[in-house]
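Structure file my_file_3.cif (mmCIF, C-alpha atoms) follows.
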```
data_entry
loop_
_atom_site.group_PDB
_atom_site.id
_atom_site.type_symbol
_atom_site.label_atom_id
_atom_site.label_comp_id
_atom_site.auth_asym_id
_atom_site.auth_seq_id
_atom_site.Cartn_x
_atom_site.Cartn_y
_atom_site.Cartn_z
ATOM 1 C CA VAL A 1 110.881 94.717 113.677
ATOM 2 C CA GLN A 2 107.351 93.706 112.787
ATOM 3 C CA LEU A 3 104.307 95.261 114.435
ATOM 4 C CA GLN A 4 101.195 93.090 114.627
ATOM 5 C CA ALA A 5 97.975 95.081 114.481
ATOM 6 C CA SER A 6 94.598 93.539 115.194
ATOM 7 C CA GLY A 7 91.134 94.284 116.500
ATOM 8 C CA GLY A 8 89.439 95.862 113.527
ATOM 9 C CA GLY A 9 85.998 94.838 112.407
ATOM 10 C CA SER A 10 82.529 95.970 111.456
ATOM 11 C CA VAL A 11 80.277 97.695 113.967
ATOM 12 C CA GLN A 12 77.209 99.862 113.967
ATOM 13 C CA ALA A 13 77.397 103.526 114.860
ATOM 14 C CA GLY A 14 77.684 103.934 118.609
ATOM 15 C CA GLY A 15 79.604 100.712 118.998
ATOM 16 C CA SER A 16 83.103 100.100 120.317
ATOM 17 C CA LEU A 17 86.280 98.401 119.191
ATOM 18 C CA LYS A 18 89.709 98.027 120.747
ATOM 19 C CA LEU A 19 92.720 97.890 118.459
ATOM 20 C CA SER A 20 95.966 96.262 119.527
ATOM 21 C CA CYS A 21 99.474 96.587 118.169
ATOM 22 C CA LYS A 22 102.049 94.118 119.418
ATOM 23 C CA ALA A 23 105.799 94.484 119.081
ATOM 24 C CA PRO A 24 107.006 91.077 120.209
ATOM 25 C CA ARG A 25 110.496 91.389 118.770
ATOM 26 C CA MET A 26 111.166 94.911 120.015
ATOM 27 C CA ILE A 27 113.199 94.996 123.184
ATOM 28 C CA LEU A 28 111.496 96.679 126.127
ATOM 29 C CA SER A 29 114.117 99.385 126.520
ATOM 30 C CA VAL A 30 113.293 100.512 122.988
ATOM 31 C CA PHE A 31 109.527 100.013 123.143
ATOM 32 C CA SER A 32 108.903 101.728 126.451
ATOM 33 C CA PRO A 33 110.245 105.240 125.776
ATOM 34 C CA SER A 34 109.358 105.411 122.094
ATOM 35 C CA ARG A 35 106.775 107.700 120.534
ATOM 36 C CA LYS A 36 103.710 105.662 119.582
ATOM 37 C CA ALA A 37 100.738 106.579 117.480
ATOM 38 C CA TRP A 38 97.689 105.424 115.592
ATOM 39 C CA TYR A 39 96.964 106.726 112.114
ATOM 40 C CA ARG A 40 94.078 106.010 109.799
ATOM 41 C CA GLN A 41 93.414 106.228 106.107
ATOM 42 C CA ALA A 42 89.911 106.411 104.752
ATOM 43 C CA PRO A 43 89.148 105.541 101.114
ATOM 44 C CA GLY A 44 90.309 108.311 98.823
ATOM 45 C CA LYS A 45 91.911 110.281 101.637
ATOM 46 C CA GLN A 46 95.395 110.791 102.983
ATOM 47 C CA ARG A 47 96.653 109.036 106.063
ATOM 48 C CA GLU A 48 95.991 111.100 109.181
ATOM 49 C CA LEU A 49 97.148 111.061 112.765
ATOM 50 C CA VAL A 50 94.429 109.923 115.145
ATOM 51 C CA ALA A 51 96.149 109.581 118.514
ATOM 52 C CA GLU A 52 99.664 109.924 119.854
ATOM 53 C CA LEU A 53 101.446 108.740 122.970
ATOM 54 C CA THR A 54 104.617 110.745 123.305
ATOM 55 C CA SER A 55 107.916 109.535 124.693
ATOM 56 C CA GLY A 56 106.943 111.343 127.886
ATOM 57 C CA ASP A 57 103.623 109.474 127.977
ATOM 58 C CA SER A 58 101.525 112.506 127.093
ATOM 59 C CA LYS A 59 98.430 111.723 125.076
ATOM 60 C CA LYS A 60 97.263 113.764 122.120
ATOM 61 C CA TYR A 61 94.191 113.266 119.949
ATOM 62 C CA GLN A 62 92.735 114.506 116.727
ATOM 63 C CA ASP A 63 89.839 116.818 117.548
ATOM 64 C CA SER A 64 87.271 114.524 115.920
ATOM 65 C CA VAL A 65 88.066 111.637 118.281
ATOM 66 C CA LYS A 66 88.597 113.487 121.559
ATOM 67 C CA GLY A 67 86.426 112.029 124.280
ATOM 68 C CA ARG A 68 85.745 108.891 122.259
ATOM 69 C CA PHE A 69 89.151 107.294 121.661
ATOM 70 C CA THR A 70 91.836 106.421 124.211
ATOM 71 C CA ILE A 71 95.418 105.492 123.420
ATOM 72 C CA SER A 72 97.343 103.393 125.914
ATOM 73 C CA LYS A 73 100.168 100.907 126.197
ATOM 74 C CA ASN A 74 101.200 97.922 128.254
ATOM 75 C CA ASN A 75 104.974 97.742 128.484
ATOM 76 C CA ALA A 76 104.907 94.269 130.033
ATOM 77 C CA VAL A 77 103.500 92.811 126.809
ATOM 78 C CA LYS A 78 104.925 95.481 124.499
ATOM 79 C CA THR A 79 101.517 96.336 123.137
ATOM 80 C CA LEU A 80 99.891 99.583 122.070
ATOM 81 C CA TYR A 81 96.119 99.973 122.219
ATOM 82 C CA LEU A 82 93.408 102.217 120.844
ATOM 83 C CA GLN A 83 90.059 101.978 122.588
ATOM 84 C CA MET A 84 87.393 103.418 120.324
ATOM 85 C CA ASN A 85 83.946 104.171 121.749
ATOM 86 C CA ASN A 86 80.850 105.753 120.276
ATOM 87 C CA LEU A 87 82.107 105.023 116.784
ATOM 88 C CA GLU A 88 80.777 107.042 113.879
ATOM 89 C CA PRO A 89 80.579 106.193 110.158
ATOM 90 C CA GLU A 90 83.262 108.844 109.606
ATOM 91 C CA ASP A 91 85.667 106.668 111.606
ATOM 92 C CA THR A 92 85.626 104.056 108.840
ATOM 93 C CA ALA A 93 89.220 103.567 107.701
ATOM 94 C CA VAL A 94 92.243 101.338 107.790
ATOM 95 C CA TYR A 95 94.032 101.982 111.072
ATOM 96 C CA TYR A 96 97.812 101.758 111.328
ATOM 97 C CA CYS A 97 99.999 101.682 114.399
ATOM 98 C CA ASN A 98 103.339 103.428 114.366
ATOM 99 C CA ILE A 99 106.310 103.306 116.706
ATOM 100 C CA GLN A 100 109.191 105.732 116.294
ATOM 101 C CA THR A 101 112.487 104.670 117.813
ATOM 102 C CA GLU A 102 116.098 105.707 117.593
ATOM 103 C CA TYR A 103 116.552 102.719 115.286
ATOM 104 C CA GLY A 104 113.815 103.581 112.859
ATOM 105 C CA ASP A 105 110.150 104.126 112.190
ATOM 106 C CA PHE A 106 107.978 101.000 112.350
ATOM 107 C CA TRP A 107 104.449 100.410 111.071
ATOM 108 C CA GLY A 108 101.812 97.770 111.550
ATOM 109 C CA GLN A 109 100.097 96.192 108.576
ATOM 110 C CA GLY A 110 96.804 98.024 109.079
ATOM 111 C CA THR A 111 93.487 96.827 110.408
ATOM 112 C CA LEU A 112 90.157 97.756 108.832
ATOM 113 C CA VAL A 113 87.429 99.431 110.864
ATOM 114 C CA THR A 114 84.011 99.750 109.248
ATOM 115 C CA VAL A 115 81.238 101.665 110.983
ATOM 116 C CA SER A 116 77.742 101.484 109.555
ATOM 117 C CA SER A 117 74.958 103.965 110.245
#
```

Represent the structure contained in this file as structure tokens.
Amino acid sequence: VQLQASGGGSVQAGGSLKLSCKAPRMILSVFSPSRKAWYRQAPGKQRELVAELTSGDSKKYQDSVKGRFTISKNNAVKTLYLQMNNLEPEDTAVYYCNIQTEYGDFWGQGTLVTVSS
């Protein structure tokens, strides 16, 4: 199953971006209840969890993005989103979507977000 991530780009500090992660070949009964998350990896750093949408639809965020980022999904189009507002230079990274299912752990290809001061 291939996840298609998009929406990255270059913005100035204070700007906004919305990342999308589509799972067109994942059947809805697998997509809907799965755990979904966004991770990011900045240059020279380890990959870190940014936001999580649990199988029970609870939302969890890394402290540094609370109040600025929002994770959501649209089951009808099998797409995961990450709305990022008030971006900071420290948010610069490659962002990866992740979906954990009973059939395996799936990753998007990564989308680059660059925030300039």

Once the PyMOL selection byres ((chain A and resi 9-25) around 9) is applied to the coordinates I shared, what remains selected? I want it as JSON, numbers by chain. {"A": [1, 2, 3, 4, 5, 6, 7, 8, 26, 27, 31, 77, 78, 79, 80, 81, 82, 83, 84, 85, 86, 87, 88, 89, 95, 96, 97, 98, 108, 111, 112, 113, 114, 115, 116, 117]}

Extending 6 Å beyond the listed atoms of range 9-25 of chain A on each side, what axis-aligned box results? I want centre and edge lengths in Å to one decimal, as lines of an AutoDock Vina configuration file.
```
center_x = 93.9
center_y = 97.5
center_z = 116.1
size_x = 45.3
size_y = 24.9
size_z = 21.3
```

Could you please determine the separation between CA of Val50 in chain A and CA of Arg35 in chain A in Å, to one decimal place?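 Computed distance, CA of Val50 in chain A to CA of Arg35 in chain A, equals 13.7 Å.
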
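For the set A:Ala51, A:Ala93, A:Ala42, A:Val30, the residue with the smallest atom-to-atom gap to Lys66 in chain A is A:Ala51, counting only C-alpha atoms.
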
Figure out the distance between CA of Thr101 in chain A and CA of Gln41 in chain A, please, to one decimal in Å.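 CA of Thr101 in chain A lies 22.4 Å from CA of Gln41 in chain A.
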
Residues in the PyMOL selection byres ((chain A and resi 54) around 10), expressed as JSON, numbers by chain: {"A": [33, 34, 35, 36, 37, 51, 52, 53, 55, 56, 57, 58, 59, 60, 100]}

So the first atom is CA of Asn75 in chain A and the second is CA of Gly104 in chain A; what is the distance between them in Å, to one decimal place?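 One can read the CA of Asn75 in chain A to CA of Gly104 in chain A distance as 18.9 Å.
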
Pick from A:Leu28, A:Tyr39, A:Lys45, A:Tyr61 nearest to Trp107 in chain A, counting only C-alpha atoms: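 Counting only C-alpha atoms, the residue closest to Trp107 in chain A is A:Tyr39.
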
Rank A:Gly110, A:Leu49, A:Thr92, A:Ser32 by their smallest atom-to-atom distance to Lys73 in chain A, using only C-alpha atoms, and report the top residue only. A:Ser32

Could you model N, CA, C and O atoms for range 35-55 of chain A and present them as an mmCIF file, in the frame of the given file?
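Final file, rebuild.cif:
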```
data_model
loop_
_atom_site.group_PDB
_atom_site.id
_atom_site.type_symbol
_atom_site.label_atom_id
_atom_site.label_comp_id
_atom_site.auth_asym_id
_atom_site.auth_seq_id
_atom_site.Cartn_x
_atom_site.Cartn_y
_atom_site.Cartn_z
ATOM 1 N N ARG A 35 108.011 107.033 120.913
ATOM 2 C CA ARG A 35 106.775 107.700 120.534
ATOM 3 C C ARG A 35 105.899 106.683 119.809
ATOM 4 O O ARG A 35 106.356 105.973 118.931
ATOM 5 N N LYS A 36 104.635 106.631 120.178
ATOM 6 C CA LYS A 36 103.710 105.662 119.582
ATOM 7 C C LYS A 36 102.475 106.395 119.090
ATOM 8 O O LYS A 36 102.053 107.393 119.675
ATOM 9 N N ALA A 37 101.892 105.891 118.032
ATOM 10 C CA ALA A 37 100.738 106.579 117.480
ATOM 11 C C ALA A 37 99.859 105.636 116.690
ATOM 12 O O ALA A 37 100.280 104.559 116.262
ATOM 13 N N TRP A 38 98.634 106.063 116.509
ATOM 14 C CA TRP A 38 97.689 105.424 115.592
ATOM 15 C C TRP A 38 97.345 106.426 114.505
ATOM 16 O O TRP A 38 97.033 107.582 114.785
ATOM 17 N N TYR A 39 97.379 105.959 113.276
ATOM 18 C CA TYR A 39 96.964 106.726 112.114
ATOM 19 C C TYR A 39 95.805 105.983 111.454
ATOM 20 O O TYR A 39 95.585 104.808 111.711
ATOM 21 N N ARG A 40 95.116 106.678 110.589
ATOM 22 C CA ARG A 40 94.078 106.010 109.799
ATOM 23 C C ARG A 40 94.029 106.606 108.398
ATOM 24 O O ARG A 40 94.420 107.752 108.177
ATOM 25 N N GLN A 41 93.558 105.785 107.491
ATOM 26 C CA GLN A 41 93.414 106.228 106.107
ATOM 27 C C GLN A 41 92.075 105.755 105.579
ATOM 28 O O GLN A 41 91.834 104.546 105.448
ATOM 29 N N ALA A 42 91.219 106.714 105.319
ATOM 30 C CA ALA A 42 89.911 106.411 104.752
ATOM 31 C C ALA A 42 90.020 106.328 103.233
ATOM 32 O O ALA A 42 90.962 106.886 102.647
ATOM 33 N N PRO A 43 89.101 105.658 102.580
ATOM 34 C CA PRO A 43 89.148 105.541 101.114
ATOM 35 C C PRO A 43 89.211 106.904 100.438
ATOM 36 O O PRO A 43 88.411 107.792 100.739
ATOM 37 N N GLY A 44 90.176 107.064 99.567
ATOM 38 C CA GLY A 44 90.309 108.311 98.823
ATOM 39 C C GLY A 44 90.896 109.466 99.595
ATOM 40 O O GLY A 44 90.942 110.594 99.093
ATOM 41 N N LYS A 45 91.357 109.204 100.813
ATOM 42 C CA LYS A 45 91.911 110.281 101.637
ATOM 43 C C LYS A 45 93.333 109.957 102.048
ATOM 44 O O LYS A 45 93.771 108.817 101.961
ATOM 45 N N GLN A 46 94.037 110.991 102.511
ATOM 46 C CA GLN A 46 95.395 110.791 102.983
ATOM 47 C C GLN A 46 95.389 110.199 104.387
ATOM 48 O O GLN A 46 94.424 110.341 105.149
ATOM 49 N N ARG A 47 96.488 109.566 104.719
ATOM 50 C CA ARG A 47 96.653 109.036 106.063
ATOM 51 C C ARG A 47 96.716 110.193 107.055
ATOM 52 O O ARG A 47 97.373 111.203 106.793
ATOM 53 N N GLU A 48 96.033 110.036 108.186
ATOM 54 C CA GLU A 48 95.991 111.100 109.181
ATOM 55 C C GLU A 48 96.272 110.554 110.571
ATOM 56 O O GLU A 48 95.963 109.401 110.880
ATOM 57 N N LEU A 49 96.844 111.420 111.390
ATOM 58 C CA LEU A 49 97.148 111.061 112.765
ATOM 59 C C LEU A 49 95.870 111.088 113.590
ATOM 60 O O LEU A 49 95.135 112.080 113.572
ATOM 61 N N VAL A 50 95.626 110.024 114.318
ATOM 62 C CA VAL A 50 94.429 109.923 115.145
ATOM 63 C C VAL A 50 94.756 110.164 116.618
ATOM 64 O O VAL A 50 94.080 110.939 117.300
ATOM 65 N N ALA A 51 95.784 109.477 117.106
ATOM 66 C CA ALA A 51 96.149 109.581 118.514
ATOM 67 C C ALA A 51 97.636 109.329 118.670
ATOM 68 O O ALA A 51 98.210 108.537 117.918
ATOM 69 N N GLU A 52 98.218 110.006 119.639
ATOM 70 C CA GLU A 52 99.664 109.924 119.854
ATOM 71 C C GLU A 52 99.955 109.759 121.341
ATOM 72 O O GLU A 52 99.310 110.389 122.175
ATOM 73 N N LEU A 53 100.930 108.912 121.612
ATOM 74 C CA LEU A 53 101.446 108.740 122.970
ATOM 75 C C LEU A 53 102.923 109.101 122.897
ATOM 76 O O LEU A 53 103.716 108.370 122.309
ATOM 77 N N THR A 54 103.259 110.245 123.465
ATOM 78 C CA THR A 54 104.617 110.745 123.305
ATOM 79 C C THR A 54 105.605 109.947 124.150
ATOM 80 O O THR A 54 105.212 109.137 124.999
ATOM 81 N N SER A 55 106.881 110.219 123.922
ATOM 82 C CA SER A 55 107.916 109.535 124.693
ATOM 83 C C SER A 55 107.797 109.862 126.177
ATOM 84 O O SER A 55 108.244 109.086 127.018
#
```
